Amino acid sequence: MLDYALSPERENRKMSEKMYLHPVIERIWHWIHAILIILLIISGIQIHWPDTINIFGSHSTAITVHEWSGIFVICDFLLWLFYNIISKRVSHYIPRKEDLYPGIPKQARFYAYGIFKGEPHPYSASEDNKFNPLQKMAYFNFMVFMMPLLLISGILYLYSSCFAYFIAFIGGLKVVAIIHFIMAIIFASFLIAHLYLATTGHTILGDIISMITGYAEKEEH
Amino acid sequence: MAPLEPYEKLLVDSDFIDEDEHGGISCETCHGGNPEDNNWKTAHKGLVKDPTYPDASTSCGECHEEIVEKNKASLHVTLAPYMNKMNMRANPDNKVRDKIKSAMGTHCAQCHSSCGQCHVSRPTSVEGGFIEGHLFKKTPPVETNCTSCHGSRVGKEYFGENEGIPADVHQKEHGMECKACHSGDEMHGSDQEASDRYTVENRANCSSCHTEEGDNPSHVIHKDKVSCQVCHSVTYKNCFSCHVGKDKAGNPYFKTEPSVMAFKIGLNPKPTKERPDKYVTVRHIPIDKGLFDFYVKDGLTNMDKAPTWKMATPHNIQLETPQNESCASCHNNSKLFLRKQDVRSEEMTANKDVIVPDWRTLSEIHDWLPHAKLHMTEVDCMTCHDPSLKAPIKDCKQCHSNKSVLLKNPAGTPKEPMMSWKFTNKELMETGLYVAGSNRIPALDVLGILIVVLTFAGCITHAGLRFITRKRK
């Protein structure tokens, strides 16, 4: 069933000029994850500055939204990890040697210079390698290091009385709060950059549409 | 109270002779007259309708000497509250006072009671008549003898007869009658004369039954500061004016303005050791400057000497009331209090010791707090005003520190750790211990906002440059 869901052949028969880049499971996961992260950011803003920001009506509602969104993101992250390991699609996220050099400098140069000159994308997505080197590095770091750090700090916060001794060991709830806040800022910034970079595909809406339909244009170099 | 047929008022039941302990006492022993005389006119000479008023020494006192002796000081007999207050308000001119005294004898003094008017017949003020064929009632019936006089205010309150106002919880839930609180001992007075019912030595008292303060912090906080009724009574009747009018036949009669249902908390004008409360419920009493105009002009020239909004104990006690719903429902609700604007201009001086002066709102009182609005909405009042603390919390570090008072029970023992699978935040919110924004670091906040803003600005700039250079593509 997993193979069926991931199989690009069915649709490719009709649309040979396009490639099936994002299987339906990944797309569903992506959008659920997006909604949850946005909810977490918005509710987190109200919880952190309750005296100036009121989006959810009351402080306790914001906390409830944040807590439950957090729980769902934990589940959704574990599902993502499980799915990618089982399906071996985790390889999309692991940077290879050539990605580090010359991949990253090349991609960075494109964003900093080439994009304004109308140069073609240095790397184009394929079924076997759907992310460019910078994407790979960013997603790898976010999903392997930062997301766990964000979630663990969130869990410690969520059950701070249960983990009281551990929290005391690492320096108290303040340390947890600082880590959680820094991660939240990084994720909020990442969300902005991610949304913007999604417009730097072949067309402005190309990447966004591909994350809805699953299909992306093939680019010839 | 159902009216009596004429025969019911005066027909002595045979059961009185056969069954009542007093039935063996001959009529003339108490009522006088001469049963040996065959002439009805002379036989009834010296006969008294109520041999127990004003002095029951030669009737009831023959057997119940101690009670009768004490009863002489009973407010039901002395009417001290009326008399004292009228004396205070009356014109000092002796001629005027004599006329007032006469008027009071005709009107006010009719509202008294006696042994007979409680235990044998209905009170004279409600036209008398036997309770039950001259049978003696050890406990006077509520309807015919208590609320027949104390009916329009106390009775209606207690039995929930005021529209929209529930009956007193003691009646509604427990079916308690007057005697449950107002014992015979209290009714029969004490050795000491009292000036009003609040100075009666053996008066009814909530604390006689409700002895335990328990764990309710509200009781601890408000003890000796507010009377029980301030928190536990609801809207009650207030009367304005009590004129003596004149009917077509020229007979004087009581004429009052319609009563007003209201609930007002005022200052206790004379706190005593027994009643130290600063705040008490106050009721406007039926008094008016022109009360004795029918008898004498300018009778009550000293109206300023006593409040017309008088300390009251409304008999409509409820466990839950609008004002005890939360701290703010009383402390932030000026409508509950007797303010200047509630008092008639001519009564302002009389009530100066009862009127609650203007005070600052809760927000104004707490404006010194950092993040005042946040603390006010998210922190339970009791967190800072915990009665177990020596004084309300004012130092931030008392909460925001490793040695936070929030981590300890009132006795100083550590609080039970919350080890359930419930979210800690949720649990803290429910127990009122949540300290919103407590882990905020302002510098980090600024840095975080800056990072997000710069990211956004970077994207906008990048997008702008893309737009400008689009023709080259």
# chains A, B, ... in the order shown; residues from 1 in each chain; ligands from 1
>>> residues_around(residues="Thr52 of chain B", least_positions_apart="4", cutoff="9 Å", atoms="only C-alpha atoms", output="JSON list (two decimals) with N, CA, C and O atoms, in the first residue's frame")
[["chain", "number", "residue", "atom", "x", "y", "z"],
["B", 30, "CYS", "N", -56.21, 34.62, 87.18],
["B", 30, "CYS", "CA", -55.40, 35.44, 86.27],
["B", 30, "CYS", "C", -56.13, 36.68, 85.80],
["B", 30, "CYS", "O", -55.56, 37.77, 85.76],
["B", 56, "ALA", "N", -46.46, 40.55, 84.34],
["B", 56, "ALA", "CA", -47.02, 39.21, 84.48],
["B", 56, "ALA", "C", -46.71, 38.60, 85.84],
["B", 56, "ALA", "O", -46.92, 37.41, 86.06],
["B", 57, "SER", "N", -46.23, 39.43, 86.78],
["B", 57, "SER", "CA", -45.78, 38.89, 88.07],
["B", 57, "SER", "C", -46.90, 38.18, 88.82],
["B", 57, "SER", "O", -46.67, 37.14, 89.46],
["B", 58, "THR", "N", -48.09, 38.74, 88.74],
["B", 58, "THR", "CA", -49.18, 38.16, 89.52],
["B", 58, "THR", "C", -49.95, 37.08, 88.76],
["B", 58, "THR", "O", -50.88, 36.50, 89.29],
["B", 59, "SER", "N", -49.58, 36.87, 87.53],
["B", 59, "SER", "CA", -50.23, 35.77, 86.78],
["B", 59, "SER", "C", -49.19, 34.69, 86.52],
["B", 59, "SER", "O", -49.00, 33.80, 87.36],
["B", 60, "CYS", "N", -48.50, 34.79, 85.42],
["B", 60, "CYS", "CA", -47.49, 33.78, 85.08],
["B", 60, "CYS", "C", -46.42, 33.70, 86.16],
["B", 60, "CYS", "O", -45.88, 32.62, 86.47],
["B", 61, "GLY", "N", -46.11, 34.88, 86.72],
["B", 61, "GLY", "CA", -45.02, 34.97, 87.68],
["B", 61, "GLY", "C", -45.23, 34.14, 88.93],
["B", 61, "GLY", "O", -44.28, 33.84, 89.65],
["B", 114, "SER", "N", -46.32, 40.09, 75.07],
["B", 114, "SER", "CA", -46.38, 39.70, 76.48],
["B", 114, "SER", "C", -46.43, 38.18, 76.52],
["B", 114, "SER", "O", -46.49, 37.53, 75.48],
["B", 115, "CYS", "N", -46.43, 37.64, 77.74],
["B", 115, "CYS", "CA", -46.48, 36.17, 77.85],
["B", 115, "CYS", "C", -47.71, 35.65, 77.10],
["B", 115, "CYS", "O", -47.64, 34.74, 76.28],
["B", 116, "GLY", "N", -48.86, 36.30, 77.41],
["B", 116, "GLY", "CA", -50.11, 35.83, 76.83],
["B", 116, "GLY", "C", -50.16, 36.03, 75.32],
["B", 116, "GLY", "O", -50.70, 35.18, 74.59],
["B", 117, "GLN", "N", -49.58, 37.12, 74.85],
["B", 117, "GLN", "CA", -49.66, 37.41, 73.42],
["B", 117, "GLN", "C", -48.67, 36.58, 72.59],
["B", 117, "GLN", "O", -48.61, 36.73, 71.37]]
>>> select_by_dssp(residues="chain A", states="helix (DSSP H, G or I)", output="ChimeraX atom specification")
/A:2-6,9-12,24-48,59-86,89-93,97-117,133-158,164-169,173-197,206-213
>>> interface_residues(of="chain A", to="chain B", cutoff="6 Å", atoms="only C-alpha atoms", output="list in words")
His48, Asp51, Phe116, Gly118, Leu158, Tyr159, Ser161, Cys162, Lys174, Ile185 and Ser189 of chain A
>>> closest_residue(among="B:His31, B:Cys381, B:Glu346, B:Asp13", to="Ile131 of chain B", atoms="only C-alpha atoms")
B:Asp13
>>> residues_around(residues="segment 135-149 of chain B", least_positions_apart="3", cutoff="9 Å", atoms="only C-alpha atoms", output="compact mmCIF listing (two decimals) with C-alpha atoms, in the first residue's frame")
# COMPACT_ATOMS: atom_id res chain seq x y z
CA MET B 1 -52.23 34.74 58.37
CA ALA B 2 -55.87 33.73 58.14
CA VAL B 12 -62.30 28.77 75.39
CA ASP B 13 -61.93 25.20 74.19
CA ASP B 15 -59.57 20.84 75.87
CA PHE B 16 -58.02 23.72 77.77
CA ILE B 17 -59.89 22.62 80.89
CA GLU B 19 -55.77 18.74 78.93
CA ASP B 20 -53.85 21.94 79.46
CA GLU B 21 -51.75 22.15 82.60
CA HIS B 22 -53.10 25.65 83.11
CA GLY B 23 -56.68 24.43 82.81
CA CYS B 111 -46.38 46.78 68.90
CA GLY B 116 -50.11 35.83 76.83
CA GLN B 117 -49.66 37.41 73.42
CA CYS B 118 -47.09 34.81 72.54
CA HIS B 119 -48.30 31.67 74.29
CA VAL B 120 -52.09 32.04 74.39
CA SER B 121 -53.32 34.55 71.85
CA ARG B 122 -52.23 36.44 68.82
CA PRO B 123 -50.61 39.82 69.58
CA SER B 125 -51.32 44.66 67.38
CA VAL B 126 -52.83 42.16 64.95
CA PHE B 130 -56.85 32.87 70.84
CA ILE B 131 -54.23 30.81 69.06
CA GLU B 132 -56.30 27.72 69.86
CA SER B 152 -43.52 42.34 56.10
CA VAL B 154 -38.33 39.31 58.12
CA GLY B 155 -41.20 36.90 57.46
CA LYS B 156 -41.37 37.52 53.73
CA GLU B 177 -38.50 27.64 62.38
CA CYS B 178 -37.82 30.90 64.21
CA LYS B 179 -37.11 29.12 67.48
CA GLY B 184 -37.07 30.95 74.34
>>> atom_distance(atom1="atom CA of Gly105 of chain B", atom2="atom CA of Ala350 of chain B")
25.3 Å
>>> select_by_dssp(residues="segment 82-263 of chain B", states="strand (DSSP E or B)", output="list in words")
Ser121, Phe130, Val226, Tyr236, Lys237, Asn238, His243, Val244, Gly245, Lys246, Pro252, Tyr253, Phe254, Lys255, Val260, Met261 and Ala262 of chain B
>>> atom_distance(atom1="atom CA of Ala262 of chain B", atom2="atom CA of Ser207 of chain B")
25.6 Å
>>> atom_distance(atom1="atom CA of Ser69 of chain A", atom2="atom CA of Ile155 of chain A")
11.9 Å
>>> residues_around(residues="segment 159-161 of chain B", least_positions_apart="4", cutoff="12 Å", atoms="only C-alpha atoms", output="ChimeraX atom specification")
/B:142-143,147,150-155,165-173,175-178,234-237,314-318
>>> write_last_selection(atoms="N, CA, C and O atoms", output="compact mmCIF listing (two decimals), in the first residue's frame")
# COMPACT_ATOMS: atom_id res chain seq x y z
N VAL B 142 -45.30 30.10 64.44
CA VAL B 142 -44.60 31.10 63.63
C VAL B 142 -45.58 32.05 62.96
O VAL B 142 -45.48 33.28 63.07
N GLU B 143 -46.58 31.48 62.29
CA GLU B 143 -47.44 32.31 61.46
C GLU B 143 -48.30 33.27 62.28
O GLU B 143 -48.44 34.45 61.94
N THR B 147 -44.42 35.89 62.72
CA THR B 147 -44.47 36.69 61.49
C THR B 147 -45.73 37.55 61.40
O THR B 147 -45.87 38.36 60.50
N HIS B 150 -43.54 40.34 62.77
CA HIS B 150 -42.29 40.46 62.00
C HIS B 150 -42.49 39.86 60.61
O HIS B 150 -41.74 38.98 60.19
N GLY B 151 -43.54 40.30 59.95
CA GLY B 151 -43.91 39.64 58.70
C GLY B 151 -43.49 40.35 57.44
O GLY B 151 -42.94 39.74 56.52
N SER B 152 -43.70 41.65 57.39
CA SER B 152 -43.52 42.34 56.10
C SER B 152 -42.07 42.33 55.65
O SER B 152 -41.79 42.31 54.46
N ARG B 153 -41.15 42.31 56.57
CA ARG B 153 -39.75 42.26 56.16
C ARG B 153 -39.17 40.87 56.46
O ARG B 153 -38.94 40.07 55.56
N VAL B 154 -39.00 40.57 57.74
CA VAL B 154 -38.33 39.31 58.12
C VAL B 154 -39.10 38.09 57.61
O VAL B 154 -38.53 37.19 56.99
N GLY B 155 -40.41 38.07 57.85
CA GLY B 155 -41.20 36.90 57.46
C GLY B 155 -41.16 36.65 55.97
O GLY B 155 -40.93 35.52 55.52
N ILE B 165 -36.98 36.46 44.94
CA ILE B 165 -35.95 36.28 45.97
C ILE B 165 -36.20 34.93 46.66
O ILE B 165 -37.29 34.69 47.18
N PRO B 166 -35.21 34.06 46.66
CA PRO B 166 -35.44 32.74 47.27
C PRO B 166 -35.56 32.82 48.79
O PRO B 166 -35.11 33.79 49.41
N ALA B 167 -36.19 31.79 49.35
CA ALA B 167 -36.34 31.73 50.81
C ALA B 167 -34.97 31.52 51.45
O ALA B 167 -34.02 31.09 50.80
N ASP B 168 -34.91 31.83 52.71
CA ASP B 168 -33.67 31.64 53.47
C ASP B 168 -33.28 30.16 53.44
O ASP B 168 -34.13 29.27 53.54
N VAL B 169 -32.00 29.91 53.28
CA VAL B 169 -31.52 28.53 53.17
C VAL B 169 -31.87 27.71 54.41
O VAL B 169 -32.12 26.50 54.31
N HIS B 170 -31.94 28.36 55.55
CA HIS B 170 -32.29 27.63 56.78
C HIS B 170 -33.73 27.14 56.75
O HIS B 170 -34.06 26.12 57.34
N GLN B 171 -34.57 27.88 56.03
CA GLN B 171 -35.96 27.47 55.89
C GLN B 171 -36.11 26.48 54.74
O GLN B 171 -36.67 25.41 54.88
N LYS B 172 -35.53 26.88 53.59
CA LYS B 172 -35.72 26.12 52.36
C LYS B 172 -35.07 24.74 52.45
O LYS B 172 -35.67 23.74 52.06
N GLU B 173 -33.86 24.69 52.95
CA GLU B 173 -33.12 23.42 52.97
C GLU B 173 -33.36 22.62 54.25
O GLU B 173 -33.28 21.40 54.24
N GLY B 175 -35.87 23.57 56.78
CA GLY B 175 -37.20 23.73 57.39
C GLY B 175 -37.14 24.28 58.81
O GLY B 175 -38.01 23.99 59.63
N MET B 176 -36.12 25.07 59.09
CA MET B 176 -35.97 25.58 60.46
C MET B 176 -37.00 26.66 60.75
O MET B 176 -37.29 27.51 59.91
N GLU B 177 -37.56 26.60 61.96
CA GLU B 177 -38.50 27.64 62.38
C GLU B 177 -37.75 28.68 63.19
O GLU B 177 -36.57 28.50 63.53
N CYS B 178 -38.46 29.77 63.51
CA CYS B 178 -37.82 30.90 64.21
C CYS B 178 -37.06 30.45 65.46
O CYS B 178 -35.95 30.90 65.73
N VAL B 234 -29.32 38.37 50.42
CA VAL B 234 -29.63 38.93 49.10
C VAL B 234 -30.62 40.09 49.25
O VAL B 234 -30.93 40.48 50.37
N THR B 235 -31.10 40.58 48.14
CA THR B 235 -31.96 41.77 48.14
C THR B 235 -33.09 41.67 49.18
O THR B 235 -33.73 40.63 49.30
N TYR B 236 -33.31 42.77 49.87
CA TYR B 236 -34.32 42.79 50.93
C TYR B 236 -35.10 44.10 50.89
O TYR B 236 -34.75 45.01 50.15
N LYS B 237 -36.12 44.12 51.73
CA LYS B 237 -37.05 45.26 51.68
C LYS B 237 -36.54 46.47 52.47
O LYS B 237 -36.00 46.32 53.56
N PRO B 314 -30.78 40.81 57.36
CA PRO B 314 -31.83 40.25 56.50
C PRO B 314 -31.93 38.73 56.68
O PRO B 314 -30.91 38.06 56.82
N HIS B 315 -33.16 38.26 56.70
CA HIS B 315 -33.38 36.82 56.94
C HIS B 315 -33.57 36.06 55.63
O HIS B 315 -34.53 35.30 55.48
N ASN B 316 -32.69 36.32 54.67
CA ASN B 316 -32.78 35.55 53.41
C ASN B 316 -31.39 35.00 53.06
O ASN B 316 -30.91 35.16 51.94
N ILE B 317 -30.79 34.36 54.02
CA ILE B 317 -29.42 33.85 53.89
C ILE B 317 -29.32 32.79 52.79
O ILE B 317 -30.16 31.89 52.70
N GLN B 318 -28.31 32.94 51.95
CA GLN B 318 -28.04 31.96 50.88
C GLN B 318 -26.56 31.59 50.96
O GLN B 318 -25.73 32.43 51.31
>>> residues_around(residues="Ile221 of chain B", least_positions_apart="6", cutoff="10 Å", atoms="only C-alpha atoms", output="PyMOL selection string")
chain B and resi 382+385-388
>>> closest_residue(among="B:Asp196, B:Glu66, B:Ala180, B:Ser233", to="Met83 of chain B", atoms="only C-alpha atoms")
B:Asp196
>>> residues_around(residues="His331 of chain B", least_positions_apart="5", cutoff="10 Å", atoms="only C-alpha atoms", output="PyMOL selection string")
chain B and resi 323-324+326+336-337+359-362
>>> write_last_selection(atoms="C-alpha atoms", output="mmCIF file, in the first residue's frame")
data_model
loop_
_atom_site.group_PDB
_atom_site.id
_atom_site.type_symbol
_atom_site.label_atom_id
_atom_site.label_comp_id
_atom_site.auth_asym_id
_atom_site.auth_seq_id
_atom_site.Cartn_x
_atom_site.Cartn_y
_atom_site.Cartn_z
ATOM 1 C CA GLN B 323 -21.736 39.286 45.741
ATOM 2 C CA ASN B 324 -19.831 36.214 46.951
ATOM 3 C CA SER B 326 -15.894 36.048 43.254
ATOM 4 C CA LEU B 336 -23.623 47.044 46.397
ATOM 5 C CA PHE B 337 -22.442 49.741 48.752
ATOM 6 C CA TRP B 359 -12.649 53.988 47.220
ATOM 7 C CA ARG B 360 -10.235 53.021 44.493
ATOM 8 C CA THR B 361 -11.156 50.252 42.101
ATOM 9 C CA LEU B 362 -9.252 46.969 42.161
#
>>> closest_residue(among="A:Ile25, A:Met19, A:Ile94, A:Leu79", to="Tyr139 of chain A", atoms="only C-alpha atoms")
A:Ile94
>>> residues_around(residues="Ile42 of chain A", least_positions_apart="2", cutoff="10 Å", atoms="only C-alpha atoms", output="ChimeraX atom specification")
/A:36-40,44-47,53-56,62,65-66,188
>>> closest_residue(among="A:Ser43, A:Thr203, A:Ser210, A:Asn132", to="Lys106 of chain A", atoms="only C-alpha atoms")
A:Asn132
>>> closest_residue(among="B:Glu201, B:Asp98, B:Asp353, B:Glu163", to="Phe292 of chain B", atoms="only C-alpha atoms")
B:Asp98
>>> decode(residues="segment 66-80 of chain B", atoms="N, CA, C and O atoms", output="short mmCIF file (atom, residue, chain, number, x, y, z; two decimals), in the first residue's frame")
data_model
loop_
_atom_site.label_atom_id
_atom_site.label_comp_id
_atom_site.auth_asym_id
_atom_site.auth_seq_id
_atom_site.Cartn_x
_atom_site.Cartn_y
_atom_site.Cartn_z
N GLU B 66 -38.89 33.19 87.62
CA GLU B 66 -37.59 33.58 87.05
C GLU B 66 -37.75 34.13 85.63
O GLU B 66 -37.19 35.16 85.27
N ILE B 67 -38.58 33.42 84.86
CA ILE B 67 -38.78 33.85 83.46
C ILE B 67 -39.45 35.22 83.43
O ILE B 67 -39.05 36.12 82.69
N VAL B 68 -40.47 35.37 84.25
CA VAL B 68 -41.22 36.63 84.25
C VAL B 68 -40.32 37.79 84.66
O VAL B 68 -40.38 38.89 84.09
N GLU B 69 -39.47 37.53 85.61
CA GLU B 69 -38.56 38.58 86.07
C GLU B 69 -37.62 39.02 84.95
O GLU B 69 -37.42 40.20 84.70
N LYS B 70 -37.07 38.01 84.28
CA LYS B 70 -36.16 38.32 83.16
C LYS B 70 -36.90 39.02 82.02
O LYS B 70 -36.38 39.92 81.35
N ASN B 71 -38.14 38.57 81.82
CA ASN B 71 -38.90 39.05 80.66
C ASN B 71 -39.17 40.55 80.71
O ASN B 71 -39.46 41.17 79.69
N LYS B 72 -39.05 41.10 81.91
CA LYS B 72 -39.28 42.55 82.03
C LYS B 72 -38.27 43.34 81.21
O LYS B 72 -38.52 44.47 80.82
N ALA B 73 -37.11 42.71 80.96
CA ALA B 73 -36.06 43.39 80.17
C ALA B 73 -36.13 43.00 78.71
O ALA B 73 -35.31 43.46 77.90
N SER B 74 -37.09 42.14 78.37
CA SER B 74 -37.19 41.71 76.98
C SER B 74 -37.58 42.88 76.08
O SER B 74 -38.42 43.71 76.44
N LEU B 75 -36.96 42.92 74.92
CA LEU B 75 -37.28 44.01 73.98
C LEU B 75 -38.73 43.97 73.55
O LEU B 75 -39.31 44.99 73.17
N HIS B 76 -39.34 42.77 73.60
CA HIS B 76 -40.76 42.65 73.26
C HIS B 76 -41.62 43.44 74.25
O HIS B 76 -42.76 43.81 73.94
N VAL B 77 -41.09 43.64 75.41
CA VAL B 77 -41.83 44.37 76.44
C VAL B 77 -41.36 45.83 76.53
O VAL B 77 -42.17 46.75 76.54
N THR B 78 -40.04 46.01 76.56
CA THR B 78 -39.53 47.37 76.78
C THR B 78 -39.63 48.25 75.53
O THR B 78 -39.72 49.46 75.63
N LEU B 79 -39.61 47.62 74.37
CA LEU B 79 -39.59 48.35 73.08
C LEU B 79 -38.44 49.36 73.05
O LEU B 79 -38.56 50.45 72.45
N ALA B 80 -37.37 49.03 73.74
CA ALA B 80 -36.24 49.95 73.88
C ALA B 80 -35.70 50.49 72.55
O ALA B 80 -35.40 51.69 72.46
#
